[in-house]
Each structure stands twice: as structure tokens, then as C-alpha cells.
file input-v1.pdb (PDB, C-alpha atoms)
ATOM      1  CA  MET A  67      -5.950  17.323 -17.477
ATOM      2  CA  ILE A  68      -4.492  13.792 -17.415
ATOM      3  CA  GLU A  69      -6.278  10.861 -15.783
ATOM      4  CA  ALA A  70      -4.144   8.138 -14.215
ATOM      5  CA  THR A  71      -4.848   4.898 -12.371
ATOM      6  CA  SER A  72      -2.720   3.184  -9.751
ATOM      7  CA  CYS A  73      -3.224   0.193  -7.484
ATOM      8  CA  GLY A  74      -1.721  -0.651  -4.139
ATOM      9  CA  GLY A  75      -1.929  -2.675  -0.998
ATOM     10  CA  VAL A  76      -2.344  -2.475   2.740
ATOM     11  CA  VAL A  77      -0.086  -5.407   3.586
ATOM     12  CA  ILE A  78      -0.476  -7.006   7.008
ATOM     13  CA  PHE A  79       1.629  -9.623   8.767
ATOM     14  CA  ARG A  80       0.806 -10.700  12.318
ATOM     15  CA  GLY A  81      -1.251  -7.565  12.842
ATOM     16  CA  LYS A  82       1.406  -5.130  11.645
ATOM     17  CA  ILE A  83       1.229  -2.945   8.542
ATOM     18  CA  LEU A  84       3.907  -2.536   5.863
ATOM     19  CA  VAL A  85       4.922   1.048   5.052
ATOM     20  CA  LEU A  86       7.703   2.613   2.964
ATOM     21  CA  TYR A  87       9.808   5.719   3.464
ATOM     22  CA  LYS A  88      10.522   7.709   0.321
ATOM     23  CA  ASN A  89      13.193  10.389   0.019
ATOM     24  CA  TYR A  90      13.645  11.959  -3.415
ATOM     25  CA  LYS A  91      16.478  14.522  -3.310
ATOM     26  CA  ASN A  92      15.051  15.719   0.037
ATOM     27  CA  LYS A  93      12.148  17.288  -1.916
ATOM     28  CA  TYR A  94       9.682  14.478  -1.485
ATOM     29  CA  GLU A  95       9.933  12.810   1.872
ATOM     30  CA  GLY A  96       7.451  10.706   3.762
ATOM     31  CA  TRP A  97       5.969   7.347   4.682
ATOM     32  CA  VAL A  98       3.563   5.822   2.167
ATOM     33  CA  LEU A  99       1.722   2.619   1.338
ATOM     34  CA  PRO A 100       3.057   0.631  -1.650
ATOM     35  CA  LYS A 101       1.289   1.478  -4.914
ATOM     36  CA  GLY A 102       1.965   2.093  -8.586
ATOM     37  CA  THR A 103       0.678   2.625 -12.088
ATOM     38  CA  VAL A 104      -1.391   0.091 -14.001
ATOM     39  CA  GLU A 105       0.498  -1.206 -17.049
ATOM     40  CA  ALA A 106      -1.134  -2.013 -20.386
ATOM     41  CA  GLY A 107      -3.147  -5.237 -20.305
ATOM     42  CA  GLU A 108      -2.841  -5.582 -16.538
ATOM     43  CA  GLU A 109      -5.759  -6.185 -14.189
ATOM     44  CA  TYR A 110      -5.944  -4.049 -11.030
ATOM     45  CA  LYS A 111      -5.205  -7.006  -8.749
ATOM     46  CA  GLU A 112      -2.112  -7.875 -10.806
ATOM     47  CA  THR A 113      -0.885  -4.270 -10.613
ATOM     48  CA  ALA A 114      -1.360  -4.135  -6.843
ATOM     49  CA  LEU A 115       0.552  -7.395  -6.282
ATOM     50  CA  ARG A 116       3.332  -6.438  -8.735
ATOM     51  CA  GLU A 117       3.814  -2.986  -7.202
ATOM     52  CA  VAL A 118       3.944  -4.361  -3.648
ATOM     53  CA  LYS A 119       6.551  -6.904  -4.823
ATOM     54  CA  GLU A 120       8.618  -4.308  -6.742
ATOM     55  CA  GLU A 121       8.566  -1.601  -4.078
ATOM     56  CA  THR A 122       8.961  -3.791  -0.983
ATOM     57  CA  GLY A 123      10.198  -7.222  -2.096
ATOM     58  CA  VAL A 124       7.130  -8.748  -0.414
ATOM     59  CA  SER A 125       5.130 -11.540  -2.045
ATOM     60  CA  ALA A 126       1.684 -10.841  -0.630
ATOM     61  CA  SER A 127      -1.689 -12.382  -1.332
ATOM     62  CA  ILE A 128      -4.872 -10.384  -1.818
ATOM     63  CA  ILE A 129      -7.575 -10.893   0.786
ATOM     64  CA  LYS A 130     -10.139  -8.399  -0.501
ATOM     65  CA  TYR A 131     -10.749  -5.114  -2.326
ATOM     66  CA  ILE A 132     -10.856  -2.157   0.067
ATOM     67  CA  GLY A 133     -11.840   0.766  -2.116
ATOM     68  CA  LYS A 134     -10.616   3.683  -4.151
ATOM     69  CA  SER A 135      -8.958   6.949  -3.251
ATOM     70  CA  ARG A 136      -8.701   9.935  -5.574
ATOM     71  CA  TYR A 137      -6.339  12.870  -5.570
ATOM     72  CA  SER A 138      -4.809  15.357  -7.968
ATOM     73  CA  PHE A 139      -1.423  16.960  -8.353
ATOM     74  CA  ASN A 140       0.290  19.307 -10.769
ATOM     75  CA  THR A 141       3.191  18.500 -13.067
ATOM     76  CA  PRO A 142       5.055  21.176 -15.052
ATOM     77  CA  GLN A 143       2.949  20.198 -18.095
ATOM     78  CA  ASP A 144      -0.516  19.486 -16.711
ATOM     79  CA  MET A 145      -2.759  18.573 -13.803
ATOM     80  CA  VAL A 146      -3.098  14.857 -13.013
ATOM     81  CA  GLU A 147      -6.270  13.313 -11.551
ATOM     82  CA  LYS A 148      -5.331   9.958 -10.044
ATOM     83  CA  ASP A 149      -7.509   7.055  -8.904
ATOM     84  CA  VAL A 150      -5.873   4.480  -6.642
ATOM     85  CA  HIS A 151      -7.523   1.088  -6.100
ATOM     86  CA  TRP A 152      -6.552  -0.496  -2.779
ATOM     87  CA  TYR A 153      -6.456  -4.116  -1.617
ATOM     88  CA  LEU A 154      -6.108  -5.670   1.806
ATOM     89  CA  MET A 155      -3.182  -8.108   1.565
ATOM     90  CA  MET A 156      -1.486 -10.681   3.728
ATOM     91  CA  ALA A 157       2.280 -11.248   3.789
ATOM     92  CA  ASP A 158       3.962 -14.462   4.924
ATOM     93  CA  SER A 159       6.886 -12.912   6.821
ATOM     94  CA  TYR A 160       8.302  -9.648   8.174
ATOM     95  CA  TYR A 161      10.785  -9.508   5.297
ATOM     96  CA  SER A 162      10.834  -6.330   3.206
ATOM     97  CA  LYS A 163      13.424  -4.574   1.071
ATOM     98  CA  PRO A 164      12.761  -1.011  -0.128
ATOM     99  CA  GLN A 165      13.196  -0.379  -3.869
ATOM    100  CA  ARG A 166      16.121   2.056  -4.112
ATOM    101  CA  GLU A 167      15.471   2.913  -7.784
ATOM    102  CA  GLU A 168      12.158   4.465  -6.713
ATOM    103  CA  TYR A 169      13.885   6.393  -3.878
ATOM    104  CA  PHE A 170      12.491   4.216  -1.094
ATOM    105  CA  ILE A 171      15.136   4.187   1.630
ATOM    106  CA  ASP A 172      13.312   2.309   4.388
ATOM    107  CA  SER A 173      10.440  -0.111   4.857
ATOM    108  CA  GLY A 174       8.993  -2.047   7.722
ATOM    109  CA  TYR A 175       5.991  -3.394   9.577
ATOM    110  CA  TYR A 176       4.410  -1.205  12.237
ATOM    111  CA  LYS A 177       1.531  -1.448  14.682
ATOM    112  CA  PHE A 178      -1.645   0.218  13.402
ATOM    113  CA  HIS A 179      -1.357   3.441  15.421
ATOM    114  CA  GLU A 180       2.332   3.807  14.501
ATOM    115  CA  ALA A 181       1.705   3.252  10.777
ATOM    116  CA  TYR A 182      -1.286   5.606  10.882
ATOM    117  CA  HIS A 183       0.768   8.453  12.353
ATOM    118  CA  LEU A 184       3.749   7.782  10.070
ATOM    119  CA  LEU A 185       1.715   8.030   6.848
ATOM    120  CA  LYS A 186       2.114  11.350   5.062
ATOM    121  CA  PHE A 187      -1.194  11.529   3.163
ATOM    122  CA  SER A 188      -4.656  11.711   4.719
ATOM    123  CA  ASN A 189      -6.225   9.630   1.918
ATOM    124  CA  GLU A 190      -3.783   6.801   2.708
ATOM    125  CA  LYS A 191      -4.614   7.128   6.423
ATOM    126  CA  GLN A 192      -8.307   6.678   5.553
ATOM    127  CA  ILE A 193      -7.563   3.583   3.436
ATOM    128  CA  LEU A 194      -5.352   2.172   6.194
ATOM    129  CA  GLU A 195      -8.157   2.636   8.737
ATOM    130  CA  LYS A 196     -10.703   0.951   6.475
ATOM    131  CA  ALA A 197      -8.361  -1.944   5.652
ATOM    132  CA  TYR A 198      -7.372  -2.474   9.272
ATOM    133  CA  ASN A 199     -11.016  -2.592  10.379
ATOM    134  CA  GLU A 200     -11.658  -5.231   7.683
ATOM    135  CA  TYR A 201      -8.654  -7.166   8.979
ATOM    136  CA  LEU A 202      -9.960  -7.014  12.572
ATOM    137  CA  ASP A 203     -13.422  -8.199  11.452
ATOM    138  CA  LEU A 204     -11.919 -11.123   9.513
ATOM    139  CA  LYS A 205      -9.664 -12.020  12.423
ATOM    140  CA  LYS A 206     -12.560 -11.907  14.908
ATOM    141  CA  SER A 207     -14.518 -14.295  12.648
ATOM    142  CA  ASN A 208     -11.470 -16.597  12.313
ATOM    143  CA  LEU A 209     -11.405 -15.924   8.568
ATOM    144  CA  TRP A 210      -8.008 -14.198   8.383
ATOM    145  CA  GLY A 211      -5.447 -16.530   6.842
ATOM    146  CA  ASN A 212      -5.093 -20.200   7.556
ATOM    147  CA  LYS A 213      -1.668 -20.306   9.135
ATOM    148  CA  LYS A 214      -1.210 -21.705  12.614
ATOM    149  CA  TYR A 215      -0.205 -18.421  14.284
ATOM    150  CA  PHE A 216      -3.552 -16.736  13.630
TER     151      PHE A 216
END
call {"tool": "encode", "arguments": {"input": "input-v1.pdb", "output": "C-alpha cells"}}
result
Amino acid sequence: MIEATSCGGVVIFRGKILVLYKNYKNKYEGWVLPKGTVEAGEEYKETALREVKEETGVSASIIKYIGKSRYSFNTPQDMVEKDVHWYLMMADSYYSKPQREEYFIDSGYYKFHEAYHLLKFSNEKQILEKAYNEYLDLKKSNLWGNKKYF
């Protein structure tokens, strides 16, 4: 068994959530949150920000740590147990550009209920729900961001 660690973000701009559509040779298809593997010497926060930037073109800022999800999958060689550390993030525009090299063919910001139903994996739906509730709490307390439109 191989253990792996990834980090990612629930990126929000003006109440909408950033999601990506992946299509790898029509075998792997679905909407996901941006995430990726921790590189040597990298801190989790750095990985999360780098992966969001690489996969979506978005320069986001971390608001807070949301939690960890865990799942496993099989490769031809072995079984992989993966931990993913998630952060609530804020973007500064609706701009996004899916990373073609990673087979992302679409990206965009969606209302919570739309993003929730688009997401392919239940563990990402749970993280989205948790992150969005944190966002709503921060917004209600006037602690979300410091830009004039909030």
C-alpha cells in the first residue's frame, strides 16, 4: 500500500464556488475541486495555493483550514491511501483557466447548490458543505474579506 498526501482549495468569489471539469480520454470524467500532490519541502498551504493556481489560473488567498478527507484507489501496481487537506480560499475575480495538460477542459464559478450537485465525489461534496458553512459564518460576522463588495 502507498500513502499519498494532496492539498486543495474551496475557492469562493462573491459567494460562488470554483469547480473544474476533467475529461481524460473519456475514462475519467467529472467535476472536481482543485487539488494536487505535495512536493518535497512544501508546506500544505503552499501546495494548496500552487495547485489552485496551476489547475485553474486563479491566485487565491487562504482564509482558513477546513479539514481532511481520505480515500483510496487502486493502480495497476498497488493500492493508494490518499489524505487531502482542504482550505477555504478567496479569489479576487471570476477569472479561471482550466489546465489542459491535466485534462481539465472547463472551469467556472457556480452557486453552492449547483457546485454541490456537479461534484463527482461525495467526500468533496462534504468538504464543500463544510467550507461553505464556514464562509457563511464569516460573512454573517462581517469577517469575510475586506473588499468593498462584501
call {"tool": "atom_distance", "arguments": {"input": "input-v1.pdb", "atom1": "CA of Tyr160 in chain A", "atom2": "CA of Gly96 in chain A"}}
result
20.8 Å
call {"tool": "resolve_selection", "arguments": {"input": "input-v1.pdb", "expression": "the PyMOL selection byres ((chain A and resi 134) around 10)", "output": "JSON, numbers by chain"}}
result
{"A": [72, 73, 74, 131, 132, 133, 135, 136, 149, 150, 151, 152, 153, 189, 193]}
call {"tool": "closest_residue", "arguments": {"input": "input-v1.pdb", "among": "A:Asp203, A:Glu121, A:Glu112, A:Glu95", "to": "Gln165 in chain A", "atoms": "only C-alpha atoms"}}
result
A:Glu121
call {"tool": "resolve_selection", "arguments": {"input": "input-v1.pdb", "expression": "the PyMOL selection byres ((chain A and resi 174) around 12)", "output": "PyMOL selection string"}}
result
chain A and resi 77-79+82-87+97-100+121-124+159-164+170-173+175-177+180-181+184
call {"tool": "atom_distance", "arguments": {"input": "input-v1.pdb", "atom1": "CA of Ala70 in chain A", "atom2": "CA of Glu200 in chain A"}}
result
26.7 Å
call {"tool": "residues_around", "arguments": {"input": "input-v1.pdb", "residues": "Leu194 in chain A", "least_positions_apart": "3", "cutoff": "8 Å", "atoms": "only C-alpha atoms", "output": "PDB file with C-alpha atoms, keeping the file's coordinate frame"}}
result
ATOM      1  CA  VAL A  76      -2.344  -2.475   2.740  1.00  0.00           C
ATOM      2  CA  TYR A 182      -1.286   5.606  10.882  1.00  0.00           C
ATOM      3  CA  GLU A 190      -3.783   6.801   2.708  1.00  0.00           C
ATOM      4  CA  LYS A 191      -4.614   7.128   6.423  1.00  0.00           C
ATOM      5  CA  ALA A 197      -8.361  -1.944   5.652  1.00  0.00           C
ATOM      6  CA  TYR A 198      -7.372  -2.474   9.272  1.00  0.00           C
TER       7      TYR A 198
END
call {"tool": "closest_residue", "arguments": {"input": "input-v1.pdb", "among": "A:Leu154, A:Glu109, A:Tyr94, A:Lys206", "to": "Ala126 in chain A", "atoms": "only C-alpha atoms"}}
result
A:Leu154
call {"tool": "atom_distance", "arguments": {"input": "input-v1.pdb", "atom1": "CA of Val146 in chain A", "atom2": "CA of Glu195 in chain A"}}
result
25.5 Å
call {"tool": "resolve_selection", "arguments": {"input": "input-v1.pdb", "expression": "the PyMOL selection byres ((chain A and resi 129) around 7)", "output": "number ranges by chain"}}
result
A: 127-128, 130, 154-156
call {"tool": "decode", "arguments": {"input": "input-v1.pdb", "residues": "range 188-213 of chain A", "atoms": "N, CA and C atoms", "output": "compact mmCIF listing (two decimals), in the first residue's frame"}}
result
# COMPACT_ATOMS: atom_id res chain seq x y z
N SER A 188 -18.38 12.15 -3.29
CA SER A 188 -19.10 12.51 -2.07
C SER A 188 -18.19 13.17 -1.02
N ASN A 189 -16.90 12.74 -0.96
CA ASN A 189 -16.02 13.37 0.02
C ASN A 189 -15.76 14.85 -0.32
N GLU A 190 -15.76 15.19 -1.60
CA GLU A 190 -15.60 16.60 -1.99
C GLU A 190 -16.89 17.37 -1.71
N LYS A 191 -18.04 16.71 -1.85
CA LYS A 191 -19.31 17.37 -1.51
C LYS A 191 -19.34 17.72 -0.02
N GLN A 192 -18.84 16.80 0.82
CA GLN A 192 -18.81 17.04 2.26
C GLN A 192 -17.89 18.22 2.59
N ILE A 193 -16.72 18.27 1.96
CA ILE A 193 -15.77 19.37 2.19
C ILE A 193 -16.39 20.69 1.71
N LEU A 194 -17.03 20.65 0.55
CA LEU A 194 -17.68 21.85 0.03
C LEU A 194 -18.72 22.38 1.02
N GLU A 195 -19.53 21.48 1.56
CA GLU A 195 -20.57 21.87 2.52
C GLU A 195 -19.95 22.52 3.76
N LYS A 196 -18.91 21.90 4.28
CA LYS A 196 -18.23 22.41 5.47
C LYS A 196 -17.62 23.79 5.19
N ALA A 197 -16.93 23.90 4.05
CA ALA A 197 -16.28 25.16 3.68
C ALA A 197 -17.31 26.27 3.47
N TYR A 198 -18.41 25.93 2.82
CA TYR A 198 -19.42 26.94 2.52
C TYR A 198 -20.10 27.43 3.80
N ASN A 199 -20.32 26.53 4.75
CA ASN A 199 -20.88 26.94 6.04
C ASN A 199 -19.92 27.87 6.79
N GLU A 200 -18.61 27.59 6.71
CA GLU A 200 -17.61 28.48 7.30
C GLU A 200 -17.68 29.86 6.63
N TYR A 201 -17.77 29.85 5.31
CA TYR A 201 -17.87 31.09 4.55
C TYR A 201 -19.09 31.90 5.01
N LEU A 202 -20.25 31.23 5.12
CA LEU A 202 -21.48 31.93 5.54
C LEU A 202 -21.33 32.51 6.95
N ASP A 203 -20.70 31.75 7.85
CA ASP A 203 -20.48 32.24 9.22
C ASP A 203 -19.59 33.48 9.22
N LEU A 204 -18.50 33.42 8.44
CA LEU A 204 -17.57 34.56 8.36
C LEU A 204 -18.27 35.78 7.76
N LYS A 205 -19.07 35.53 6.73
CA LYS A 205 -19.78 36.62 6.06
C LYS A 205 -20.79 37.28 7.00
N LYS A 206 -21.51 36.44 7.76
CA LYS A 206 -22.51 36.94 8.70
C LYS A 206 -21.85 37.81 9.78
N SER A 207 -20.63 37.45 10.15
CA SER A 207 -19.89 38.21 11.18
C SER A 207 -19.08 39.36 10.59
N ASN A 208 -19.27 39.63 9.29
CA ASN A 208 -18.50 40.65 8.57
C ASN A 208 -16.99 40.43 8.63
N LEU A 209 -16.59 39.17 8.63
CA LEU A 209 -15.16 38.84 8.69
C LEU A 209 -14.63 38.31 7.35
N TRP A 210 -15.53 38.12 6.37
CA TRP A 210 -15.09 37.59 5.08
C TRP A 210 -14.55 38.70 4.21
N GLY A 211 -13.25 38.66 3.97
CA GLY A 211 -12.62 39.61 3.05
C GLY A 211 -12.71 41.03 3.55
N ASN A 212 -12.10 41.93 2.84
CA ASN A 212 -12.13 43.33 3.23
C ASN A 212 -12.39 44.21 2.02
N LYS A 213 -12.90 43.61 0.97
CA LYS A 213 -13.17 44.37 -0.24
C LYS A 213 -14.56 45.00 -0.15
